[in-house]
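Written below as structure tokens is the structure these notes are about.
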Amino acid sequence: MKKYQGKGVYGAVAIGKISLFKKNDTEVKRVHTEDIEGEKKRYEEAKSLAMQQLQEIYDKALKEVGNAHAAIFEIHQMMLDDDDYNDSVYNIIETQSINAEYAVAVTADNFAEMFSAMEDEYMKARAADVRDISNRLISNLLGNFTEKTNSDEKVVICASDLVPSETVSLDKDKVMAFVTAHGSSNSHTAILARNMNIPAIIGAGEDFLNGIKSGDEVIVDGYTGEIFVDPDEETRKRLIEKQRDDEEKKRLLEELKGKENVTLDGHKINVYANIGSVSDIGKVLVNDAGGIGLFRSEFLYLENSDYPTEEQQFSAYKKVLESMAGKKVIIRTLDIGADKKVDYFNLKPEENPALGYRAIRICLTRPEIFKTQLKALYRASVFGNLGIMFPMITSVSELEKILEICDAVKSELKSQDILYSESVELGIMIETPAAAVISDKLAPMVDFFSVGTNDLTQYTLACDRQNPDIEQFVNTHHEAVLRLIEMSAENAHKYGAWVGICGELGADTTLTETFLRMGIDELSVSPAFVLKVREAIRKTDLSKKQ
Ligand code: PEP
Ligand code: MG
């Protein structure tokens, strides 16, 4: 048995087999060759394999997510068959006497650059597709595939690190746990793991990665952060027992379903759930959340290889609103940037991405993207009880511009006789110290605040949430963060707005009483934590002096 230690980000125990997740980024070497015909043949074989792979993905996508999302894989097939692209590869092989993978890489760079330079936004976005098909060809040429999981078996995904776009692309029905060698507990990958309701461990270290292979037996204890590879009988027995205890605890929490979120002295609070995609709604309903307090809409963008159209967005928002049957649904406008990168946005590399061009800053400078999303949101608003929330606010003038754009979108819809609800609530995230400090100015302009403690902690304590090396300096209970939350709550109430918390701190039950005493009106947490938070609320007595 080999034992490794990481940091647990979602408590639960999983027992199963390892599947190593390999990145697709491959180093391409320039190799001189005399066998020009041989290289051309290798390219043709890689291309026909790519065609076959794309057909399989297209068929799967068509079944699972419908025509609109599947269409992109047809476009990829067409691009693979494009004469200009293929001629360029053959030409480079012939004129430079070099290997096929290098010819593909050079072609990819040339085509991607050409697309990026185009005026038209649609054509610009094709740069990412050219890179995508080229990476597939290179992987095929190198015989370098992401290891596929056995179709029926759930596995423990082990990786160096996973970025959010990789996490969303995993087949969630087949993943029983995550372990990464690197990563930090507040990263979006960790949040996604919590949302997926599966044990997850980060920071297991390089030794872990070097000491495992696909197919190894493993036990993952998300409570302690321990990983046991090839476990001995005693460890296996102990952890099976722990898994059973866990299930018993979960069963007891089940009894809280249908009950109110009310303290012993009768104070009520809303407990909502955070989601990242339409497919998370099942978990929201199963865990009996009172609404959705944060729909991270950027995952719609991350799951797509092009800007999601107004129609695509409308149908996703409508589905969420209808499924929640009149319960509150708060959809956050896109929060792309920092660790949530999407190729087709063509964002420049930045020195400090967390402090950079992200979220509302993209929306305000590229209003066509923002307006498309707002139109889809307002159109969907007639199908339920919608709230729209804006991320990364730092100033009154930003909020003024946002509200102007919302009004413009509504006027446009009205002029086209398209229905929207007049009772959509508008709110902002309090996730920068600036927003908390001027919350007295911002509160009169909105219906609600939702405190994003993940970013608020990062910016208040000057600790990059992506950097695992500084986790020891991240005191999530830091007085400065708690004071900023309290100040925002006071100002919200003073000006008639309600206030919630949608960052990970909302699920920290050691703070539930503190939040209740601050007058927080809503806590929005990963679906799996809804009942745990309900239990903590029902045990609290605010009438007792602290
Ligand atoms: C937050 O910052 O607390 C938050 C909820 O937003 P995200 O984690 O998506 O940045
Ligand atoms: Mg945030």
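Starting from 1 in every chain, residues are counted up; chains themselves are A, B, ... following the order of the structure tokens, and ligands are numbered from 1 as listed.
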message: Residues contacting ligand 1 - anything with an atom at most 6 Å away, using only C-alpha atoms and all ligand atoms - can you give me those as a PyMOL selection string?
response: chain A and resi 431+452-455+502-503
message: Taking 3 positions as the minimum chain separation for residues in the same chain, which residues sit within 7 Å of Pro164 of chain A when counting only C-alpha atoms? Answer as an MDAnalysis selection string.
response: chainID A and resid 167:168 188:189 340
Pull N, CA, C and O atoms from the residues just selected and write them as an mmCIF file, in the first residue's frame.
```cif
data_model
loop_
_atom_site.group_PDB
_atom_site.id
_atom_site.type_symbol
_atom_site.label_atom_id
_atom_site.label_comp_id
_atom_site.auth_asym_id
_atom_site.auth_seq_id
_atom_site.Cartn_x
_atom_site.Cartn_y
_atom_site.Cartn_z
ATOM 1 N N THR A 167 -12.388 20.397 -16.489
ATOM 2 C CA THR A 167 -13.299 19.759 -15.534
ATOM 3 C C THR A 167 -14.693 19.617 -16.132
ATOM 4 O O THR A 167 -15.319 18.577 -15.994
ATOM 5 N N VAL A 168 -15.154 20.683 -16.809
ATOM 6 C CA VAL A 168 -16.511 20.585 -17.369
ATOM 7 C C VAL A 168 -16.586 19.566 -18.504
ATOM 8 O O VAL A 168 -17.650 19.037 -18.772
ATOM 9 N N HIS A 188 -11.740 27.258 -8.998
ATOM 10 C CA HIS A 188 -13.025 26.848 -9.554
ATOM 11 C C HIS A 188 -13.101 25.337 -9.770
ATOM 12 O O HIS A 188 -14.173 24.759 -9.749
ATOM 13 N N THR A 189 -11.942 24.716 -9.960
ATOM 14 C CA THR A 189 -11.967 23.264 -10.112
ATOM 15 C C THR A 189 -12.436 22.619 -8.811
ATOM 16 O O THR A 189 -13.250 21.693 -8.807
ATOM 17 N N LYS A 340 -10.865 31.298 -15.519
ATOM 18 C CA LYS A 340 -11.867 30.753 -16.441
ATOM 19 C C LYS A 340 -11.629 31.304 -17.854
ATOM 20 O O LYS A 340 -12.173 32.333 -18.229
#
```
Using 12 Å as the limit and counting only C-alpha atoms and all ligand atoms, can you tabulate each residue of chain A that touches ligand 2, with its shortest atom-to-atom distance in Å and the two atoms involved, as a Markdown table?
```
| residue | atom | partner | partner_atom_place_in_ligand_line | distance |
| --- | --- | --- | --- | --- |
| A:Asn186 | CA | ligand 2 | 1 (Mg) | 10.2 |
| A:Ser187 | CA | ligand 2 | 1 (Mg) | 10.1 |
| A:His188 | CA | ligand 2 | 1 (Mg) | 9.4 |
| A:Ile191 | CA | ligand 2 | 1 (Mg) | 11.3 |
| A:Leu294 | CA | ligand 2 | 1 (Mg) | 10.6 |
| A:Phe295 | CA | ligand 2 | 1 (Mg) | 11.9 |
| A:Arg296 | CA | ligand 2 | 1 (Mg) | 9.5 |
| A:Glu298 | CA | ligand 2 | 1 (Mg) | 11.4 |
| A:Arg332 | CA | ligand 2 | 1 (Mg) | 10.2 |
| A:Thr333 | CA | ligand 2 | 1 (Mg) | 11.5 |
| A:Leu334 | CA | ligand 2 | 1 (Mg) | 10.7 |
| A:Asp335 | CA | ligand 2 | 1 (Mg) | 7.7 |
| A:Ile336 | CA | ligand 2 | 1 (Mg) | 10.2 |
| A:Gly337 | CA | ligand 2 | 1 (Mg) | 10.6 |
| A:Ala338 | CA | ligand 2 | 1 (Mg) | 10.0 |
| A:Asp339 | CA | ligand 2 | 1 (Mg) | 10.7 |
| A:Lys340 | CA | ligand 2 | 1 (Mg) | 10.8 |
| A:Ala354 | CA | ligand 2 | 1 (Mg) | 9.8 |
| A:Leu355 | CA | ligand 2 | 1 (Mg) | 11.8 |
| A:Arg358 | CA | ligand 2 | 1 (Mg) | 10.4 |
| A:Ala359 | CA | ligand 2 | 1 (Mg) | 9.0 |
| A:Ile360 | CA | ligand 2 | 1 (Mg) | 11.2 |
| A:Met389 | CA | ligand 2 | 1 (Mg) | 11.6 |
| A:Phe390 | CA | ligand 2 | 1 (Mg) | 10.2 |
| A:Pro391 | CA | ligand 2 | 1 (Mg) | 6.8 |
| A:Met392 | CA | ligand 2 | 1 (Mg) | 6.9 |
| A:Ile393 | CA | ligand 2 | 1 (Mg) | 10.3 |
| A:Ile428 | CA | ligand 2 | 1 (Mg) | 11.2 |
| A:Met429 | CA | ligand 2 | 1 (Mg) | 7.9 |
| A:Ile430 | CA | ligand 2 | 1 (Mg) | 8.8 |
| A:Glu431 | CA | ligand 2 | 1 (Mg) | 6.2 |
| A:Thr432 | CA | ligand 2 | 1 (Mg) | 8.8 |
| A:Ser450 | CA | ligand 2 | 1 (Mg) | 10.4 |
| A:Val451 | CA | ligand 2 | 1 (Mg) | 8.9 |
| A:Gly452 | CA | ligand 2 | 1 (Mg) | 5.4 |
| A:Thr453 | CA | ligand 2 | 1 (Mg) | 7.4 |
| A:Asn454 | CA | ligand 2 | 1 (Mg) | 5.9 |
| A:Asp455 | CA | ligand 2 | 1 (Mg) | 4.7 |
| A:Leu456 | CA | ligand 2 | 1 (Mg) | 7.6 |
| A:Thr457 | CA | ligand 2 | 1 (Mg) | 9.8 |
| A:Gln458 | CA | ligand 2 | 1 (Mg) | 9.3 |
| A:Tyr459 | CA | ligand 2 | 1 (Mg) | 10.2 |
| A:Arg465 | CA | ligand 2 | 1 (Mg) | 10.2 |
| A:Ile501 | CA | ligand 2 | 1 (Mg) | 11.3 |
| A:Cys502 | CA | ligand 2 | 1 (Mg) | 9.1 |
| A:Gly503 | CA | ligand 2 | 1 (Mg) | 7.4 |
| A:Glu504 | CA | ligand 2 | 1 (Mg) | 10.1 |
```
Keeping C-alpha atoms, export the residues of the selection given above as a JSON list (two decimals), in the first residue's frame.
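Written output follows (again_17.json):
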```
[["chain", "number", "residue", "atom", "x", "y", "z"],
["A", 186, "ASN", "CA", -10.72, 27.89, -3.53],
["A", 187, "SER", "CA", -10.10, 27.38, -7.24],
["A", 188, "HIS", "CA", -13.02, 26.85, -9.55],
["A", 191, "ILE", "CA", -15.72, 24.39, -6.45],
["A", 294, "LEU", "CA", -25.87, 31.63, -8.04],
["A", 295, "PHE", "CA", -25.95, 30.19, -11.54],
["A", 296, "ARG", "CA", -22.40, 30.66, -12.81],
["A", 298, "GLU", "CA", -19.91, 31.48, -17.65],
["A", 332, "ARG", "CA", -24.91, 35.78, -12.70],
["A", 333, "THR", "CA", -23.82, 37.37, -15.95],
["A", 334, "LEU", "CA", -20.66, 35.94, -17.38],
["A", 335, "ASP", "CA", -17.58, 35.93, -15.21],
["A", 336, "ILE", "CA", -14.97, 34.91, -17.78],
["A", 337, "GLY", "CA", -11.32, 35.74, -17.21],
["A", 338, "ALA", "CA", -8.78, 34.97, -14.46],
["A", 339, "ASP", "CA", -8.77, 31.14, -14.24],
["A", 340, "LYS", "CA", -11.87, 30.75, -16.44],
["A", 354, "ALA", "CA", -7.19, 38.01, -11.17],
["A", 355, "LEU", "CA", -6.71, 41.77, -11.28],
["A", 358, "ARG", "CA", -12.45, 39.79, -16.53],
["A", 359, "ALA", "CA", -16.15, 39.54, -15.77],
["A", 360, "ILE", "CA", -18.04, 42.84, -15.92],
["A", 389, "MET", "CA", -26.57, 39.59, -10.72],
["A", 390, "PHE", "CA", -23.39, 41.29, -11.89],
["A", 391, "PRO", "CA", -19.90, 40.17, -10.84],
["A", 392, "MET", "CA", -16.72, 42.08, -9.93],
["A", 393, "ILE", "CA", -18.29, 45.47, -9.28],
["A", 428, "ILE", "CA", -24.53, 42.83, -7.58],
["A", 429, "MET", "CA", -21.87, 40.64, -6.14],
["A", 430, "ILE", "CA", -19.90, 42.10, -3.30],
["A", 431, "GLU", "CA", -16.58, 40.48, -4.03],
["A", 432, "THR", "CA", -14.16, 43.39, -4.07],
["A", 450, "SER", "CA", -24.69, 38.66, -2.87],
["A", 451, "VAL", "CA", -21.33, 38.40, -1.16],
["A", 452, "GLY", "CA", -18.75, 36.42, -3.15],
["A", 453, "THR", "CA", -16.49, 35.46, -0.29],
["A", 454, "ASN", "CA", -14.06, 33.57, -2.53],
["A", 455, "ASP", "CA", -12.95, 36.69, -4.35],
["A", 456, "LEU", "CA", -13.64, 39.02, -1.44],
["A", 457, "THR", "CA", -11.15, 36.99, 0.62],
["A", 458, "GLN", "CA", -8.63, 36.90, -2.23],
["A", 459, "TYR", "CA", -8.70, 40.67, -2.74],
["A", 465, "ARG", "CA", -6.93, 32.03, -4.74],
["A", 501, "ILE", "CA", -23.70, 35.06, 0.60],
["A", 502, "CYS", "CA", -22.87, 32.85, -2.37],
["A", 503, "GLY", "CA", -19.14, 32.24, -1.82],
["A", 504, "GLU", "CA", -17.86, 29.03, -0.27]]
```
query: Could you name the residues that touch segment 56-58 of chain A at 9 Å or less, counting only C-alpha atoms, but leaving out those on the same chain fewer than 3 positions away, as a PyMOL selection string?
result: chain A and resi 51-53+61-63+70-74
Store the residues picked out above, limited to all heavy atoms, as a PDB file, in the first residue's frame.
```pdb
ATOM      1  N   MET A  51     -11.345  12.328 -38.242  1.00  0.00           N
ATOM      2  CA  MET A  51     -12.708  12.373 -38.800  1.00  0.00           C
ATOM      3  C   MET A  51     -13.619  11.418 -38.052  1.00  0.00           C
ATOM      4  O   MET A  51     -14.738  11.734 -37.679  1.00  0.00           O
ATOM      5  CB  MET A  51     -12.681  11.957 -40.278  1.00  0.00           C
ATOM      6  CG  MET A  51     -12.244  13.053 -41.196  1.00  0.00           C
ATOM      7  SD  MET A  51     -13.525  14.322 -41.278  1.00  0.00           S
ATOM      8  CE  MET A  51     -12.896  15.338 -42.570  1.00  0.00           C
ATOM      9  N   GLN A  52     -13.095  10.213 -37.843  1.00  0.00           N
ATOM     10  CA  GLN A  52     -13.853   9.171 -37.158  1.00  0.00           C
ATOM     11  C   GLN A  52     -14.166   9.611 -35.715  1.00  0.00           C
ATOM     12  O   GLN A  52     -15.286   9.501 -35.246  1.00  0.00           O
ATOM     13  CB  GLN A  52     -12.945   7.948 -37.112  1.00  0.00           C
ATOM     14  CG  GLN A  52     -13.619   6.609 -37.053  1.00  0.00           C
ATOM     15  CD  GLN A  52     -12.493   5.567 -37.010  1.00  0.00           C
ATOM     16  OE1 GLN A  52     -11.587   5.572 -37.858  1.00  0.00           O
ATOM     17  NE2 GLN A  52     -12.534   4.723 -36.008  1.00  0.00           N
ATOM     18  N   GLN A  53     -13.144  10.170 -35.031  1.00  0.00           N
ATOM     19  CA  GLN A  53     -13.347  10.628 -33.643  1.00  0.00           C
ATOM     20  C   GLN A  53     -14.411  11.715 -33.592  1.00  0.00           C
ATOM     21  O   GLN A  53     -15.291  11.711 -32.736  1.00  0.00           O
ATOM     22  CB  GLN A  53     -12.029  11.197 -33.079  1.00  0.00           C
ATOM     23  CG  GLN A  53     -10.956  10.153 -32.854  1.00  0.00           C
ATOM     24  CD  GLN A  53      -9.577  10.781 -32.676  1.00  0.00           C
ATOM     25  OE1 GLN A  53      -9.322  11.903 -33.151  1.00  0.00           O
ATOM     26  NE2 GLN A  53      -8.694  10.079 -31.998  1.00  0.00           N
ATOM     27  N   ALA A  61     -22.861  13.983 -28.839  1.00  0.00           N
ATOM     28  CA  ALA A  61     -23.364  15.321 -28.486  1.00  0.00           C
ATOM     29  C   ALA A  61     -24.803  15.502 -28.964  1.00  0.00           C
ATOM     30  O   ALA A  61     -25.629  16.097 -28.281  1.00  0.00           O
ATOM     31  CB  ALA A  61     -22.455  16.391 -29.091  1.00  0.00           C
ATOM     32  N   LEU A  62     -25.082  14.961 -30.145  1.00  0.00           N
ATOM     33  CA  LEU A  62     -26.428  15.089 -30.701  1.00  0.00           C
ATOM     34  C   LEU A  62     -27.454  14.452 -29.761  1.00  0.00           C
ATOM     35  O   LEU A  62     -28.519  15.003 -29.486  1.00  0.00           O
ATOM     36  CB  LEU A  62     -26.468  14.402 -32.066  1.00  0.00           C
ATOM     37  CG  LEU A  62     -27.648  14.724 -32.955  1.00  0.00           C
ATOM     38  CD1 LEU A  62     -27.717  16.205 -33.264  1.00  0.00           C
ATOM     39  CD2 LEU A  62     -27.559  13.939 -34.269  1.00  0.00           C
ATOM     40  N   LYS A  63     -27.078  13.280 -29.228  1.00  0.00           N
ATOM     41  CA  LYS A  63     -27.974  12.565 -28.321  1.00  0.00           C
ATOM     42  C   LYS A  63     -28.095  13.306 -26.996  1.00  0.00           C
ATOM     43  O   LYS A  63     -29.171  13.449 -26.445  1.00  0.00           O
ATOM     44  CB  LYS A  63     -27.390  11.163 -28.048  1.00  0.00           C
ATOM     45  CG  LYS A  63     -28.245  10.079 -28.707  1.00  0.00           C
ATOM     46  CD  LYS A  63     -27.892   8.710 -28.164  1.00  0.00           C
ATOM     47  CE  LYS A  63     -27.039   7.946 -29.172  1.00  0.00           C
ATOM     48  NZ  LYS A  63     -26.013   7.125 -28.611  1.00  0.00           N
ATOM     49  N   ALA A  70     -24.109  20.237 -30.959  1.00  0.00           N
ATOM     50  CA  ALA A  70     -23.368  19.212 -31.697  1.00  0.00           C
ATOM     51  C   ALA A  70     -22.788  19.778 -32.999  1.00  0.00           C
ATOM     52  O   ALA A  70     -21.770  19.301 -33.491  1.00  0.00           O
ATOM     53  CB  ALA A  70     -24.282  18.030 -32.005  1.00  0.00           C
ATOM     54  N   ALA A  71     -23.442  20.830 -33.517  1.00  0.00           N
ATOM     55  CA  ALA A  71     -23.084  21.347 -34.836  1.00  0.00           C
ATOM     56  C   ALA A  71     -21.601  21.694 -34.952  1.00  0.00           C
ATOM     57  O   ALA A  71     -20.993  21.519 -36.019  1.00  0.00           O
ATOM     58  CB  ALA A  71     -23.929  22.576 -35.139  1.00  0.00           C
ATOM     59  N   ILE A  72     -21.009  22.108 -33.878  1.00  0.00           N
ATOM     60  CA  ILE A  72     -19.611  22.535 -33.932  1.00  0.00           C
ATOM     61  C   ILE A  72     -18.697  21.393 -34.395  1.00  0.00           C
ATOM     62  O   ILE A  72     -17.698  21.612 -35.069  1.00  0.00           O
ATOM     63  CB  ILE A  72     -19.150  23.114 -32.566  1.00  0.00           C
ATOM     64  CG1 ILE A  72     -17.776  23.768 -32.687  1.00  0.00           C
ATOM     65  CG2 ILE A  72     -19.137  22.080 -31.457  1.00  0.00           C
ATOM     66  CD1 ILE A  72     -17.750  24.962 -33.564  1.00  0.00           C
ATOM     67  N   PHE A  73     -19.073  20.154 -34.064  1.00  0.00           N
ATOM     68  CA  PHE A  73     -18.207  19.042 -34.443  1.00  0.00           C
ATOM     69  C   PHE A  73     -18.321  18.728 -35.940  1.00  0.00           C
ATOM     70  O   PHE A  73     -17.408  18.192 -36.539  1.00  0.00           O
ATOM     71  CB  PHE A  73     -18.485  17.823 -33.553  1.00  0.00           C
ATOM     72  CG  PHE A  73     -18.278  18.147 -32.105  1.00  0.00           C
ATOM     73  CD1 PHE A  73     -19.347  18.248 -31.230  1.00  0.00           C
ATOM     74  CD2 PHE A  73     -17.005  18.437 -31.630  1.00  0.00           C
ATOM     75  CE1 PHE A  73     -19.156  18.596 -29.910  1.00  0.00           C
ATOM     76  CE2 PHE A  73     -16.798  18.785 -30.311  1.00  0.00           C
ATOM     77  CZ  PHE A  73     -17.877  18.874 -29.437  1.00  0.00           C
ATOM     78  N   GLU A  74     -19.445  19.118 -36.498  1.00  0.00           N
ATOM     79  CA  GLU A  74     -19.586  19.006 -37.952  1.00  0.00           C
ATOM     80  C   GLU A  74     -18.692  20.052 -38.611  1.00  0.00           C
ATOM     81  O   GLU A  74     -18.009  19.787 -39.611  1.00  0.00           O
ATOM     82  CB  GLU A  74     -21.038  19.289 -38.341  1.00  0.00           C
ATOM     83  CG  GLU A  74     -21.769  18.075 -38.817  1.00  0.00           C
ATOM     84  CD  GLU A  74     -23.206  18.433 -39.185  1.00  0.00           C
ATOM     85  OE1 GLU A  74     -23.697  19.531 -38.836  1.00  0.00           O
ATOM     86  OE2 GLU A  74     -23.836  17.606 -39.827  1.00  0.00           O
TER      87      GLU A  74
END
```
- request: Find the residues near Gly6 of chain A: any atom within 8 Å, counting only C-alpha atoms, skip ones fewer than 3 places away on the same chain, and give them as a ChimeraX atom specification.
  value: /A:181,201-205,225-227
Those same residues, written as a short mmCIF file (atom, residue, chain, number, x, y, z; two decimals), in the first residue's frame with N, CA, C and O atoms?
```cif
data_model
loop_
_atom_site.label_atom_id
_atom_site.label_comp_id
_atom_site.auth_asym_id
_atom_site.auth_seq_id
_atom_site.Cartn_x
_atom_site.Cartn_y
_atom_site.Cartn_z
N ALA A 181 -2.54 16.75 -8.29
CA ALA A 181 -1.24 16.93 -7.62
C ALA A 181 -1.06 18.37 -7.18
O ALA A 181 -0.42 18.65 -6.18
N ILE A 201 -9.69 15.80 -3.72
CA ILE A 201 -8.46 16.14 -2.99
C ILE A 201 -7.55 16.89 -3.94
O ILE A 201 -7.39 16.51 -5.10
N ILE A 202 -6.97 17.98 -3.43
CA ILE A 202 -6.02 18.71 -4.27
C ILE A 202 -4.65 18.73 -3.58
O ILE A 202 -4.56 18.41 -2.40
N GLY A 203 -3.63 19.11 -4.34
CA GLY A 203 -2.30 19.27 -3.75
C GLY A 203 -1.68 17.98 -3.24
O GLY A 203 -0.98 17.97 -2.23
N ALA A 204 -1.93 16.85 -3.95
CA ALA A 204 -1.37 15.57 -3.48
C ALA A 204 0.12 15.45 -3.79
O ALA A 204 0.79 14.55 -3.28
N GLY A 205 0.64 16.37 -4.61
CA GLY A 205 2.08 16.41 -4.87
C GLY A 205 2.54 15.59 -6.06
O GLY A 205 1.83 14.69 -6.52
N GLY A 225 -8.06 14.13 3.39
CA GLY A 225 -7.12 14.41 2.31
C GLY A 225 -6.17 13.24 2.07
O GLY A 225 -5.19 13.36 1.35
N GLU A 226 -6.47 12.06 2.65
CA GLU A 226 -5.59 10.90 2.46
C GLU A 226 -5.97 10.10 1.22
O GLU A 226 -7.15 9.96 0.90
N ILE A 227 -4.90 9.59 0.55
CA ILE A 227 -5.12 8.76 -0.64
C ILE A 227 -4.34 7.47 -0.42
O ILE A 227 -3.14 7.51 -0.13
#
```
query: Mind checking DSSP for segment 203-393 of chain A and telling me the helix (DSSP H, G or I) residues as a PyMOL selection string?
result: chain A and resi 206-210+233-254+278-286+298-302+310-323+343-345+353-355+360-365+367-383
message: Residues near Gly290 of chain A, anyone? I mean within 12 Å using only C-alpha atoms, not counting same-chain ones fewer than 2 positions away, as a PyMOL selection string.
response: chain A and resi 257-261+269-274+284-288+292-293+324-330+522-525+527+530-531+534
